[in-house]
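**Q** Quick one, run.txt (compact mmCIF, C-alpha atoms):
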```
# COMPACT_ATOMS: atom_id res chain seq x y z
CA MET A 1 0.00 0.00 0.00
CA ASN A 2 1.50 3.32 -1.02
CA THR A 3 1.11 6.55 0.92
CA GLN A 4 -1.67 7.81 -1.29
CA SER A 5 -3.87 4.77 -0.80
CA ALA A 6 -3.07 4.64 2.94
CA ILE A 7 -4.38 8.17 3.36
CA HIS A 8 -7.64 7.30 1.67
CA ALA A 9 -8.03 3.83 3.22
CA LYS A 10 -11.24 3.35 5.14
CA PRO A 11 -10.80 2.15 8.71
CA THR A 12 -11.38 -1.54 9.26
CA ILE A 13 -14.53 -1.93 11.33
CA ILE A 14 -15.52 -5.19 13.04
CA ASN A 15 -18.64 -5.28 15.21
CA GLY A 16 -18.85 -1.49 14.96
CA LEU A 17 -15.37 -1.05 16.46
CA ASP A 18 -12.38 0.52 14.72
CA VAL A 19 -9.74 -2.20 14.69
CA ASP A 20 -6.80 0.17 14.09
CA ALA A 21 -7.88 2.42 16.98
CA ALA A 22 -8.16 -0.61 19.26
CA VAL A 23 -4.71 -1.87 18.22
CA ALA A 24 -3.22 1.60 18.81
CA THR A 25 -4.84 1.85 22.26
CA ILE A 26 -3.52 -1.56 23.29
CA ALA A 27 -0.03 -0.72 22.00
CA SER A 28 -0.03 2.54 23.99
CA ILE A 29 -1.01 0.77 27.22
CA LYS A 30 1.57 -1.98 26.65
CA ALA A 31 4.24 0.72 26.24
CA ASP A 32 3.12 2.68 29.31
CA LYS A 33 1.05 0.62 31.73
CA SER A 34 0.00 3.73 33.67
CA LEU A 35 -2.27 4.63 30.74
CA GLY A 36 -4.50 1.71 31.73
CA ARG A 37 -5.59 3.43 34.94
CA PHE A 38 -9.12 4.91 34.87
CA GLN A 39 -11.27 6.60 37.49
CA PHE A 40 -15.01 6.86 36.83
CA ARG A 41 -17.24 9.17 38.87
CA ALA A 42 -20.83 10.06 39.67
CA ARG A 43 -22.50 12.77 41.74
CA ASN A 44 -25.89 11.97 43.18
CA THR A 45 -28.46 14.18 44.92
CA TRP A 46 -31.40 12.95 46.99
CA ILE A 47 -34.70 14.46 45.83
CA ASP A 48 -37.34 12.93 48.15
CA GLY A 49 -38.30 9.45 49.38
CA GLY A 50 -36.82 6.83 47.06
CA VAL A 51 -36.04 9.39 44.33
CA ASN A 52 -32.51 10.60 43.66
CA ARG A 53 -30.60 11.75 40.60
CA SER A 54 -27.06 11.17 39.35
CA VAL A 55 -24.96 13.39 37.12
CA ILE A 56 -22.14 11.67 35.22
CA ARG A 57 -19.66 13.43 33.00
CA ASP A 58 -15.95 13.64 33.77
CA PHE A 59 -13.55 10.76 34.27
CA TYR A 60 -9.81 10.16 34.28
CA GLY A 61 -8.26 7.72 31.85
CA ALA A 62 -5.30 7.13 29.55
CA GLY A 63 -3.20 9.59 31.54
CA LYS A 64 -5.53 12.60 31.55
CA GLU A 65 -8.91 14.04 32.44
CA ASP A 66 -11.41 13.31 29.70
CA THR A 67 -13.02 16.36 28.06
CA SER A 68 -15.03 14.64 25.32
CA ARG A 69 -18.48 15.18 26.83
CA ASP A 70 -20.12 18.53 26.18
CA THR A 71 -23.09 17.68 28.34
CA ALA A 72 -23.52 15.45 31.35
CA PHE A 73 -25.63 12.30 31.52
CA GLU A 74 -28.40 12.35 34.12
CA PHE A 75 -30.29 9.37 35.52
CA THR A 76 -33.10 9.16 38.06
CA ASN A 77 -33.57 6.35 40.55
CA GLY A 78 -37.12 5.71 41.75
CA GLU A 79 -39.11 2.90 43.33
CA PRO A 80 -42.36 1.11 42.44
CA PRO A 81 -45.42 1.50 44.74
CA ILE A 82 -44.76 -1.84 46.47
CA LEU A 83 -41.43 -0.31 47.56
CA LEU A 84 -43.02 3.00 48.65
CA GLY A 85 -42.45 4.96 45.43
CA ASN A 86 -44.31 6.02 42.28
CA ASN A 87 -42.09 4.53 39.53
CA GLU A 88 -40.19 7.81 39.17
CA GLY A 89 -37.40 5.79 37.56
CA ALA A 90 -36.01 2.28 37.54
CA ASN A 91 -34.69 1.36 40.95
CA PRO A 92 -31.02 0.94 41.89
CA VAL A 93 -30.94 -2.87 41.73
CA GLU A 94 -32.49 -2.68 38.24
CA PHE A 95 -29.86 -0.15 37.11
CA LEU A 96 -27.23 -2.62 38.31
CA LEU A 97 -28.69 -5.24 35.94
CA HIS A 98 -28.51 -2.71 33.09
CA ALA A 99 -24.85 -2.05 33.91
CA LEU A 100 -24.08 -5.77 34.04
CA ALA A 101 -25.90 -6.53 30.77
CA GLY A 102 -24.08 -3.72 28.99
CA CYS A 103 -20.67 -4.64 30.29
CA VAL A 104 -20.85 -8.33 29.42
CA THR A 105 -22.17 -7.36 25.96
CA THR A 106 -19.47 -4.78 25.22
CA THR A 107 -16.70 -7.03 26.56
CA LEU A 108 -17.90 -9.86 24.35
CA VAL A 109 -18.15 -7.66 21.25
CA LEU A 110 -14.68 -6.21 21.91
CA HIS A 111 -12.95 -9.57 22.25
CA ALA A 112 -14.91 -10.97 19.30
CA MET A 113 -13.37 -8.14 17.26
CA ALA A 114 -9.90 -9.05 18.59
CA ARG A 115 -10.47 -12.63 17.39
CA GLY A 116 -11.88 -11.54 14.04
CA ILE A 117 -15.33 -12.91 14.87
CA ALA A 118 -18.28 -10.93 13.50
CA ILE A 119 -21.26 -10.78 15.86
CA ARG A 120 -24.54 -10.70 13.97
CA GLU A 121 -27.06 -10.53 16.82
CA LEU A 122 -26.70 -10.35 20.59
CA SER A 123 -29.30 -9.93 23.28
CA THR A 124 -29.51 -10.89 26.94
CA GLU A 125 -32.18 -11.48 29.56
CA LEU A 126 -31.13 -10.88 33.16
CA ALA A 127 -32.82 -11.92 36.38
CA GLY A 128 -31.58 -11.24 39.89
CA ASP A 129 -33.10 -12.67 43.06
CA LEU A 130 -33.02 -10.99 46.45
CA ASP A 131 -34.95 -11.01 49.70
CA VAL A 132 -35.94 -7.58 51.02
CA GLN A 133 -35.79 -8.93 54.58
CA GLY A 134 -32.09 -8.12 54.22
CA LEU A 135 -32.69 -4.51 53.19
CA LEU A 136 -35.25 -4.04 55.96
CA GLY A 137 -32.96 -5.47 58.64
CA LEU A 138 -35.51 -8.15 59.58
CA ASP A 139 -33.07 -11.07 59.45
CA ASP A 140 -29.31 -10.61 59.76
CA SER A 141 -28.65 -14.03 58.22
CA ILE A 142 -30.02 -12.77 54.88
CA SER A 143 -27.68 -10.74 52.68
CA PRO A 144 -29.37 -7.58 51.44
CA GLY A 145 -27.73 -7.97 48.03
CA TYR A 146 -28.56 -10.17 45.08
CA GLU A 147 -28.23 -13.88 45.88
CA GLN A 148 -27.46 -14.68 42.27
CA ILE A 149 -27.84 -13.06 38.87
CA SER A 150 -28.56 -15.16 35.80
CA ILE A 151 -27.90 -14.03 32.25
CA ARG A 152 -29.49 -15.82 29.34
CA MET A 153 -27.68 -14.83 26.17
CA HIS A 154 -28.93 -15.07 22.60
CA VAL A 155 -26.04 -14.67 20.20
CA LYS A 156 -25.44 -15.30 16.52
CA ALA A 157 -21.88 -15.03 15.25
CA ASP A 158 -19.77 -16.08 12.32
CA CYS A 159 -17.94 -18.85 14.19
CA SER A 160 -18.48 -22.35 15.55
CA ASP A 161 -20.44 -22.99 18.76
CA GLU A 162 -17.18 -24.05 20.41
CA ALA A 163 -15.46 -20.78 19.48
CA LEU A 164 -18.53 -18.89 20.69
CA ASP A 165 -18.57 -20.65 24.07
CA ASP A 166 -14.85 -19.95 24.50
CA LEU A 167 -15.42 -16.27 23.64
CA LEU A 168 -18.35 -16.06 26.06
CA ALA A 169 -16.34 -17.54 28.94
CA TYR A 170 -13.49 -15.12 28.18
CA ALA A 171 -15.89 -12.15 28.14
CA GLN A 172 -17.36 -13.17 31.51
CA ARG A 173 -13.87 -13.38 33.06
CA HIS A 174 -12.85 -9.97 31.66
CA SER A 175 -16.01 -7.86 32.11
CA PRO A 176 -15.40 -5.04 34.64
CA VAL A 177 -18.98 -4.97 35.99
CA CYS A 178 -19.23 -8.78 36.09
CA ASN A 179 -16.01 -8.89 38.13
CA THR A 180 -17.21 -6.09 40.42
CA VAL A 181 -20.31 -8.21 41.15
CA CYS A 182 -18.78 -11.69 41.39
CA ARG A 183 -15.71 -10.64 43.39
CA PRO A 184 -15.74 -8.71 46.68
CA VAL A 185 -14.96 -5.03 45.96
CA PRO A 186 -14.42 -2.67 48.91
CA VAL A 187 -16.86 0.25 49.21
CA VAL A 188 -15.55 3.01 51.49
CA ILE A 189 -18.07 5.60 52.69
CA GLU A 190 -16.77 8.78 54.26
CA ARG A 191 -19.06 11.42 55.70
CA ALA A 192 -17.96 14.92 54.75
CA SER A 193 -17.88 17.28 57.72
CA THR A 194 -20.50 19.96 57.30
CA MET B 1 -59.22 9.45 67.24
CA ASN B 2 -62.72 8.55 66.08
CA THR B 3 -63.55 6.86 62.79
CA GLN B 4 -64.42 10.11 61.06
CA SER B 5 -61.08 11.74 61.83
CA ALA B 6 -59.19 8.54 60.97
CA ILE B 7 -60.72 8.53 57.49
CA HIS B 8 -59.61 12.07 56.88
CA ALA B 9 -56.23 11.79 58.60
CA LYS B 10 -53.31 12.66 56.37
CA PRO B 11 -50.62 9.98 56.14
CA THR B 12 -47.53 10.58 58.24
CA ILE B 13 -44.66 11.31 55.87
CA ILE B 14 -41.01 11.28 56.94
CA ASN B 15 -38.31 11.86 54.32
CA GLY B 16 -40.95 11.60 51.61
CA LEU B 17 -41.93 8.07 52.71
CA ASP B 18 -45.35 7.02 54.02
CA VAL B 19 -44.68 5.67 57.50
CA ASP B 20 -47.95 3.71 57.76
CA ALA B 21 -47.35 2.05 54.39
CA ALA B 22 -43.84 1.07 55.48
CA VAL B 23 -45.11 -0.34 58.78
CA ALA B 24 -47.79 -2.33 56.93
CA THR B 25 -45.25 -3.72 54.45
CA ILE B 26 -42.93 -4.83 57.23
CA ALA B 27 -45.80 -6.42 59.16
CA SER B 28 -46.88 -8.36 56.06
CA ILE B 29 -43.38 -9.72 55.46
CA LYS B 30 -42.95 -10.65 59.13
CA ALA B 31 -46.23 -12.59 58.93
CA ASP B 32 -45.28 -14.31 55.65
CA LYS B 33 -41.56 -14.30 54.96
CA SER B 34 -42.09 -15.47 51.37
CA LEU B 35 -43.40 -11.98 50.59
CA GLY B 36 -39.83 -10.70 50.97
CA ARG B 37 -38.68 -12.49 47.83
CA PHE B 38 -38.16 -10.27 44.78
CA GLN B 39 -36.83 -10.93 41.29
CA PHE B 40 -35.73 -7.97 39.18
CA ARG B 41 -35.13 -8.24 35.46
CA ALA B 42 -33.67 -6.49 32.43
CA ARG B 43 -33.60 -7.26 28.71
CA ASN B 44 -30.70 -5.85 26.73
CA THR B 45 -30.06 -5.68 22.99
CA TRP B 46 -26.72 -4.95 21.35
CA ILE B 47 -26.93 -2.12 18.81
CA ASP B 48 -23.37 -1.69 17.48
CA GLY B 49 -19.86 -1.37 18.89
CA GLY B 50 -20.07 -0.31 22.54
CA VAL B 51 -23.75 0.68 22.26
CA ASN B 52 -26.54 -1.44 23.69
CA ARG B 53 -29.94 -0.74 25.19
CA SER B 54 -31.85 -2.18 28.15
CA VAL B 55 -35.59 -2.38 28.66
CA ILE B 56 -36.76 -2.68 32.27
CA ARG B 57 -40.37 -3.08 33.33
CA ASP B 58 -41.71 -6.20 35.03
CA PHE B 59 -40.52 -7.74 38.28
CA TYR B 60 -41.76 -10.21 40.87
CA GLY B 61 -42.20 -9.14 44.47
CA ALA B 62 -44.43 -9.44 47.51
CA GLY B 63 -45.92 -12.67 46.20
CA LYS B 64 -46.93 -11.58 42.70
CA GLU B 65 -45.89 -10.14 39.36
CA ASP B 66 -45.86 -6.34 39.50
CA THR B 67 -48.18 -4.57 37.05
CA SER B 68 -47.69 -0.98 38.19
CA ARG B 69 -45.65 0.23 35.22
CA ASP B 70 -47.58 1.28 32.14
CA THR B 71 -44.43 1.91 30.17
CA ALA B 72 -40.97 0.41 30.32
CA PHE B 73 -37.78 2.23 31.28
CA GLU B 74 -35.08 2.28 28.61
CA PHE B 75 -31.39 3.04 29.08
CA THR B 76 -28.52 3.17 26.59
CA ASN B 77 -24.95 2.17 27.35
CA GLY B 78 -22.25 3.84 25.28
CA GLU B 79 -18.52 4.51 25.50
CA PRO B 80 -16.37 7.65 25.24
CA PRO B 81 -13.96 8.04 22.29
CA ILE B 82 -10.96 6.89 24.36
CA LEU B 83 -12.85 3.59 24.77
CA LEU B 84 -13.77 3.39 21.06
CA GLY B 85 -17.23 4.99 21.29
CA ASN B 86 -18.97 8.32 20.67
CA ASN B 87 -20.52 8.99 24.10
CA GLU B 88 -23.80 7.42 23.01
CA GLY B 89 -24.59 7.00 26.72
CA ALA B 90 -22.83 6.63 30.04
CA ASN B 91 -20.81 3.43 30.09
CA PRO B 92 -21.63 0.31 32.14
CA VAL B 93 -19.15 0.98 34.97
CA GLU B 94 -20.61 4.49 35.32
CA PHE B 95 -24.16 3.10 35.48
CA LEU B 96 -22.94 0.84 38.29
CA LEU B 97 -21.88 3.94 40.26
CA HIS B 98 -25.34 5.46 39.68
CA ALA B 99 -26.94 2.26 41.02
CA LEU B 100 -24.67 2.23 44.06
CA ALA B 101 -25.23 5.92 44.86
CA GLY B 102 -28.98 5.53 44.61
CA CYS B 103 -29.13 2.40 46.72
CA VAL B 104 -27.02 3.73 49.59
CA THR B 105 -29.09 6.94 49.51
CA THR B 106 -32.50 5.21 49.53
CA THR B 107 -31.43 2.72 52.19
CA LEU B 108 -30.23 5.57 54.40
CA VAL B 109 -33.40 7.60 53.91
CA LEU B 110 -35.57 4.53 54.64
CA HIS B 111 -33.83 3.62 57.89
CA ALA B 112 -33.72 7.29 58.93
CA MET B 113 -37.52 7.25 58.63
CA ALA B 114 -37.68 4.08 60.74
CA ARG B 115 -35.67 5.90 63.44
CA GLY B 116 -37.71 9.07 63.18
CA ILE B 117 -34.76 11.05 61.81
CA ALA B 118 -35.59 13.74 59.25
CA ILE B 119 -33.00 14.05 56.48
CA ARG B 120 -32.70 17.64 55.27
CA GLU B 121 -30.04 17.30 52.56
CA LEU B 122 -28.15 14.34 51.15
CA SER B 123 -25.71 14.13 48.27
CA THR B 124 -22.86 11.81 47.37
CA GLU B 125 -19.75 11.87 45.22
CA LEU B 126 -18.54 8.49 43.98
CA ALA B 127 -15.22 7.52 42.46
CA GLY B 128 -14.20 4.06 41.32
CA ASP B 129 -10.72 3.06 40.18
CA LEU B 130 -9.94 0.34 37.70
CA ASP B 131 -7.20 -0.67 35.29
CA VAL B 132 -8.34 -1.48 31.75
CA GLN B 133 -5.42 -3.90 31.38
CA GLY B 134 -7.83 -6.29 33.10
CA LEU B 135 -10.63 -5.72 30.58
CA LEU B 136 -8.20 -6.01 27.66
CA GLY B 137 -6.69 -9.26 28.95
CA LEU B 138 -3.18 -7.77 29.01
CA ASP B 139 -2.35 -8.89 32.57
CA ASP B 140 -4.17 -11.75 34.28
CA SER B 141 -3.00 -10.56 37.72
CA ILE B 142 -5.19 -7.44 37.36
CA SER B 143 -8.90 -7.81 38.14
CA PRO B 144 -11.01 -6.26 35.37
CA GLY B 145 -13.43 -4.90 37.98
CA TYR B 146 -13.27 -1.87 40.23
CA GLU B 147 -10.42 -2.09 42.73
CA GLN B 148 -12.31 0.07 45.20
CA ILE B 149 -15.22 2.51 45.16
CA SER B 150 -15.23 5.51 47.46
CA ILE B 151 -18.36 7.42 48.45
CA ARG B 152 -18.10 10.87 49.96
CA MET B 153 -21.42 11.73 51.56
CA HIS B 154 -22.75 15.17 52.42
CA VAL B 155 -25.70 14.85 54.77
CA LYS B 156 -27.66 17.17 57.01
CA ALA B 157 -30.16 15.59 59.39
CA ASP B 158 -32.08 16.40 62.53
CA CYS B 159 -29.94 14.27 64.82
CA SER B 160 -26.51 14.20 66.46
CA ASP B 161 -23.35 13.36 64.52
CA GLU B 162 -23.12 10.12 66.51
CA ALA B 163 -26.66 9.10 65.53
CA LEU B 164 -25.89 10.02 61.93
CA ASP B 165 -22.72 7.92 61.82
CA ASP B 166 -24.60 4.96 63.30
CA LEU B 167 -27.35 5.39 60.68
CA LEU B 168 -24.80 5.63 57.89
CA ALA B 169 -23.01 2.43 58.96
CA TYR B 170 -26.38 0.66 59.21
CA ALA B 171 -27.37 1.85 55.71
CA GLN B 172 -24.08 0.61 54.25
CA ARG B 173 -24.59 -2.86 55.79
CA HIS B 174 -28.18 -3.08 54.49
CA SER B 175 -27.96 -1.58 50.99
CA PRO B 176 -28.68 -4.24 48.33
CA VAL B 177 -26.36 -2.77 45.68
CA CYS B 178 -23.60 -2.07 48.19
CA ASN B 179 -23.76 -5.72 49.34
CA THR B 180 -23.83 -6.95 45.73
CA VAL B 181 -20.58 -5.03 45.17
CA CYS B 182 -18.73 -5.70 48.42
CA ARG B 183 -19.68 -9.38 48.66
CA PRO B 184 -19.08 -12.02 45.96
CA VAL B 185 -22.35 -12.62 44.08
CA PRO B 186 -22.50 -15.46 41.53
CA VAL B 187 -23.23 -14.47 37.94
CA VAL B 188 -24.37 -17.40 35.81
CA ILE B 189 -24.32 -16.97 32.03
CA GLU B 190 -26.16 -19.47 29.88
CA ARG B 191 -26.12 -19.35 26.10
CA ALA B 192 -29.54 -19.96 24.61
CA SER B 193 -29.46 -22.51 21.82
CA THR B 194 -30.39 -20.89 18.53
```
Mind turning the file's structure into structure tokens?
**A**
Amino acid sequence: MNTQSAIHAKPTIINGLDVDAAVATIASIKADKSLGRFQFRARNTWIDGGVNRSVIRDFYGAGKEDTSRDTAFEFTNGEPPILLGNNEGANPVEFLLHALAGCVTTTLVLHAMARGIAIRELSTELAGDLDVQGLLGLDDSISPGYEQISIRMHVKADCSDEALDDLLAYAQRHSPVCNTVCRPVPVVIERAST
Amino acid sequence: MNTQSAIHAKPTIINGLDVDAAVATIASIKADKSLGRFQFRARNTWIDGGVNRSVIRDFYGAGKEDTSRDTAFEFTNGEPPILLGNNEGANPVEFLLHALAGCVTTTLVLHAMARGIAIRELSTELAGDLDVQGLLGLDDSISPGYEQISIRMHVKADCSDEALDDLLAYAQRHSPVCNTVCRPVPVVIERAST
């Protein structure tokens, strides 16, 4: 490929991801491991009852503060009537399922790209079981969190079932949200002095 | 209080929550522990690249399928340019922070109500650190998940600092999302046969 054709070459896209950009990112992190460090953030304000709102915009990653977002994302937590609310938004444990679904999906699509596997269709159904006796403090032997979360995945890809199962297992082991859920992650709460 | 005044009595509201409704819910669950069991759900569809969308509506709780939501909630995961996206939405690890912020907040407000403590203001700032070498599979010694999540809480309440710290510790121990993060929760992925 001469210089002229390189300039006009279209980027190679697999599963909607720019392969050259991904290769460049990985090369940068391999050359300077500190570029792999990210810090994500959210600010949340209580409104009333079970309603509160988060603002998400800035984060640190690849050695600098990100400035790519002109406007912030905003999300509202609410509760259904059975949990003393008026469905002002999905509730926090439902948002956690959304985060988990998205992370497993993106991790799978990313590593499929790395293996040259084209994903044609991908959808998931998540279900998480919990007992609100834990939340309410009625029984200390019951964890307030999810007991288990199941993900049923429908996926069509241009590879064998064996290659797909191997990819799926790899995605599960490398998904940030999946690992935050299935491993113990410390949560440190500090009360700011007023 | 005679019958007439009871009919016209306004509900007692603390922190935006109906105290009588909360007491009734707790009494029901104490009388029949199976009513404490909930199952929350999400359905997610991959769009392209790091973009996917969840639909959240139905759930099971208090002994039956909930039918209170006329319309479903929909949320879009995206990624910033540094992570090969175009900021189509917040990303999954950011949604997890939103879930965690909301859950700690609602759990605190709920148990403040149970203690008769009025919360006047409550906001949180969350930060979670992770190393994308884990996600990318560049170093198996690095967990892909958050290493730690810190929550800085600003709270004003009609109680002493000691009572507030006790309430805060109680809320942390009883928050469903906080326990899902700080304890290991199994995630089971099953591939549906096509």
**Q** Please provide as a list in words all residues within 10 Å of Gln172 (chain A), with the sequence filter that same-chain residues fewer than 6 positions apart are discarded (counting all atoms listed in the file).
**A**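 Skipping anything fewer than 6 positions along the chain leaves Cys103, Val104, Thr105, Thr107, Leu108, Cys178 and Asn179 of chain A; Val187, Val188 and Ile189 of chain B.
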**Q** Find the residues with any atom within 10 Å of (-40.5, 12.6, 57.2); use only C-alpha atoms and the coordinates as given in the file, and write the answer as a list of chain:residue names.
**A**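 So the residues meeting the distance criterion are A:Asp48, A:Gly49, B:Thr12, B:Ile13, B:Ile14, B:Asn15, B:Gly16, B:Leu17, B:Asp18, B:Val19, B:Val109, B:Leu110, B:Ala112, B:Met113, B:Ala114, B:Gly116, B:Ile117, B:Ala118, B:Ile119, B:Arg120.
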**Q** Using 8 Å of padding on each side, determine the axis-aligned box around all atoms of region 43-57 of chain A present in the file and give its centre and edge lengths in Å to one decimal, as lines of an AutoDock Vina configuration file.
**A**
```
center_x = -29.0
center_y = 10.6
center_z = 41.2
size_x = 34.6
size_y = 23.6
size_z = 32.4
```
**Q** Pick from A:Thr71, A:Ser141, A:Gln39, A:Asn91: nearest to chain B, with only C-alpha atoms counted?
**A**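 Comparing A:Thr71, A:Ser141, A:Gln39, A:Asn91 against chain B, the winner is A:Gln39.
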**Q** For CA of Leu122 (chain A) and CA of Arg173 (chain A), determine how far apart the two atoms are, in Å to one decimal place.
**A**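 Distance between the two atoms: 18.1 Å.
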**Q** Would you mind listing what lies within 9 Å of Ile149 (chain A) as a PyMOL selection string, with only C-alpha atoms counted and same-chain residues fewer than 3 positions away left out?
**A** (chain A and resi 97+126-129+146) or (chain B and resi 185-189)
**Q** For C-alpha atoms, I'd like the residues from the last selection saved as a compact mmCIF listing (two decimals), in the coordinates of the input.
**A**
```txt
# COMPACT_ATOMS: atom_id res chain seq x y z
CA LEU A 97 -28.69 -5.24 35.94
CA LEU A 126 -31.13 -10.88 33.16
CA ALA A 127 -32.82 -11.92 36.38
CA GLY A 128 -31.58 -11.24 39.89
CA ASP A 129 -33.10 -12.67 43.06
CA TYR A 146 -28.56 -10.17 45.08
CA VAL B 185 -22.35 -12.62 44.08
CA PRO B 186 -22.50 -15.46 41.53
CA VAL B 187 -23.23 -14.47 37.94
CA VAL B 188 -24.37 -17.40 35.81
CA ILE B 189 -24.32 -16.97 32.03
```
**Q** Tell me which protein, DNA and RNA residues are within 10 Å of Arg69 (chain A), counting all atoms listed in the file, leaving out same-chain ones fewer than 2 positions away, and put them as a ChimeraX atom specification.
**A** /A:56-59,66-67,71-73 /B:80-81,86-87
**Q** Could you give me, as an NGL selection string, the residues within 9 Å of Gly61 (chain A), counting all atoms listed in the file and dropping anything in the same chain fewer than 6 positions from it?
**A** (:A and (35-40)) or (:B and (82))
**Q** Find the residue from B:Ala21, B:Val177, B:Leu100, B:Ala192 that sits nearest to Leu130 (chain A); use only C-alpha atoms when measuring.
**A**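 Nearest candidate to Leu130 (chain A) out of B:Ala21, B:Val177, B:Leu100, B:Ala192: B:Val177.
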**Q** Could you state the separation of CA of Ile47 (chain B) and CA of Arg183 (chain A) in Å, given to one decimal place?
**A** 28.3 Å
**Q** Between CA of Thr25 (chain B) and CA of Val132 (chain A), what is the distance in Å, rounded to a tenth?
**A**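 Between CA of Thr25 (chain B) and CA of Val132 (chain A) the gap works out to 10.6 Å.
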**Q** Within 7 Å of Leu135 (chain A), counting all atoms listed in the file, which residues qualify if same-chain residues fewer than 5 places away don't, as a tab-separated table (two decimals) with C-alpha atoms, keeping the file's coordinate frame?
**A**
```tsv
chain	number	residue	atom	x	y	z
A	144	PRO	CA	-29.37	-7.58	51.44
B	174	HIS	CA	-28.18	-3.08	54.49
B	175	SER	CA	-27.96	-1.58	50.99
B	176	PRO	CA	-28.68	-4.24	48.33
```
**Q** I'd like to know which of B:Arg43, B:Lys156, B:Asp140, B:Gly63 is closest to chain A, using only C-alpha atoms.
**A**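 Of B:Arg43, B:Lys156, B:Asp140, B:Gly63, the one nearest chain A, counting only C-alpha atoms, is B:Arg43.
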**Q** For each of A:Cys182, A:Asp161, A:Glu121, A:Leu84, take the minimum atom-to-atom distance to Ile26 (chain B), counting all atoms listed in the file, then give the residue where this is smallest.
**A** A:Leu84
**Q** Using all atoms listed in the file, which residue out of A:Arg41, A:Pro184, A:Ala62, A:Val51 lies closest to Ser28 (chain A)?
**A**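 Of A:Arg41, A:Pro184, A:Ala62, A:Val51, the one nearest Ser28 (chain A), counting all atoms listed in the file, is A:Ala62.
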**Q** Which of these, B:Thr45, B:Phe75, B:Glu162, B:Ser193, has the shortest distance to chain A once you count only C-alpha atoms?
**A**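 The shortest atom-to-atom distance to chain A comes from B:Thr45.
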**Q** Can you give me N, CA and C atoms for region 106-120 of chain A, written as an mmCIF file, keeping the file's coordinate frame?
**A**
```cif
data_model
loop_
_atom_site.group_PDB
_atom_site.id
_atom_site.type_symbol
_atom_site.label_atom_id
_atom_site.label_comp_id
_atom_site.auth_asym_id
_atom_site.auth_seq_id
_atom_site.Cartn_x
_atom_site.Cartn_y
_atom_site.Cartn_z
ATOM 1 N N THR A 106 -20.569 -5.532 25.840
ATOM 2 C CA THR A 106 -19.470 -4.780 25.220
ATOM 3 C C THR A 106 -18.151 -5.558 25.306
ATOM 4 N N THR A 107 -17.928 -6.241 26.427
ATOM 5 C CA THR A 107 -16.700 -7.030 26.560
ATOM 6 C C THR A 107 -16.679 -8.159 25.538
ATOM 7 N N LEU A 108 -17.818 -8.779 25.332
ATOM 8 C CA LEU A 108 -17.900 -9.860 24.350
ATOM 9 C C LEU A 108 -17.648 -9.339 22.935
ATOM 10 N N VAL A 109 -18.281 -8.232 22.596
ATOM 11 C CA VAL A 109 -18.150 -7.660 21.250
ATOM 12 C C VAL A 109 -16.711 -7.218 20.983
ATOM 13 N N LEU A 110 -16.074 -6.658 22.024
ATOM 14 C CA LEU A 110 -14.680 -6.210 21.910
ATOM 15 C C LEU A 110 -13.738 -7.389 21.634
ATOM 16 N N HIS A 111 -13.866 -8.448 22.433
ATOM 17 C CA HIS A 111 -12.950 -9.570 22.250
ATOM 18 C C HIS A 111 -13.298 -10.407 21.018
ATOM 19 N N ALA A 112 -14.562 -10.346 20.594
ATOM 20 C CA ALA A 112 -14.910 -10.970 19.300
ATOM 21 C C ALA A 112 -14.140 -10.257 18.184
ATOM 22 N N MET A 113 -14.131 -8.918 18.241
ATOM 23 C CA MET A 113 -13.370 -8.140 17.260
ATOM 24 C C MET A 113 -11.901 -8.562 17.269
ATOM 25 N N ALA A 114 -11.325 -8.703 18.478
ATOM 26 C CA ALA A 114 -9.900 -9.050 18.590
ATOM 27 C C ALA A 114 -9.619 -10.421 17.964
ATOM 28 N N ARG A 115 -10.628 -11.289 17.962
ATOM 29 C CA ARG A 115 -10.470 -12.630 17.390
ATOM 30 C C ARG A 115 -10.926 -12.698 15.930
ATOM 31 N N GLY A 116 -11.405 -11.560 15.420
ATOM 32 C CA GLY A 116 -11.880 -11.540 14.040
ATOM 33 C C GLY A 116 -13.238 -12.190 13.853
ATOM 34 N N ILE A 117 -13.994 -12.296 14.939
ATOM 35 C CA ILE A 117 -15.330 -12.910 14.870
ATOM 36 C C ILE A 117 -16.380 -11.814 14.725
ATOM 37 N N ALA A 118 -17.203 -11.896 13.692
ATOM 38 C CA ALA A 118 -18.280 -10.930 13.500
ATOM 39 C C ALA A 118 -19.519 -11.386 14.275
ATOM 40 N N ILE A 119 -20.021 -10.510 15.139
ATOM 41 C CA ILE A 119 -21.260 -10.780 15.860
ATOM 42 C C ILE A 119 -22.416 -10.276 15.012
ATOM 43 N N ARG A 120 -23.399 -11.124 14.796
ATOM 44 C CA ARG A 120 -24.540 -10.700 13.970
ATOM 45 C C ARG A 120 -25.710 -10.223 14.822
#
```
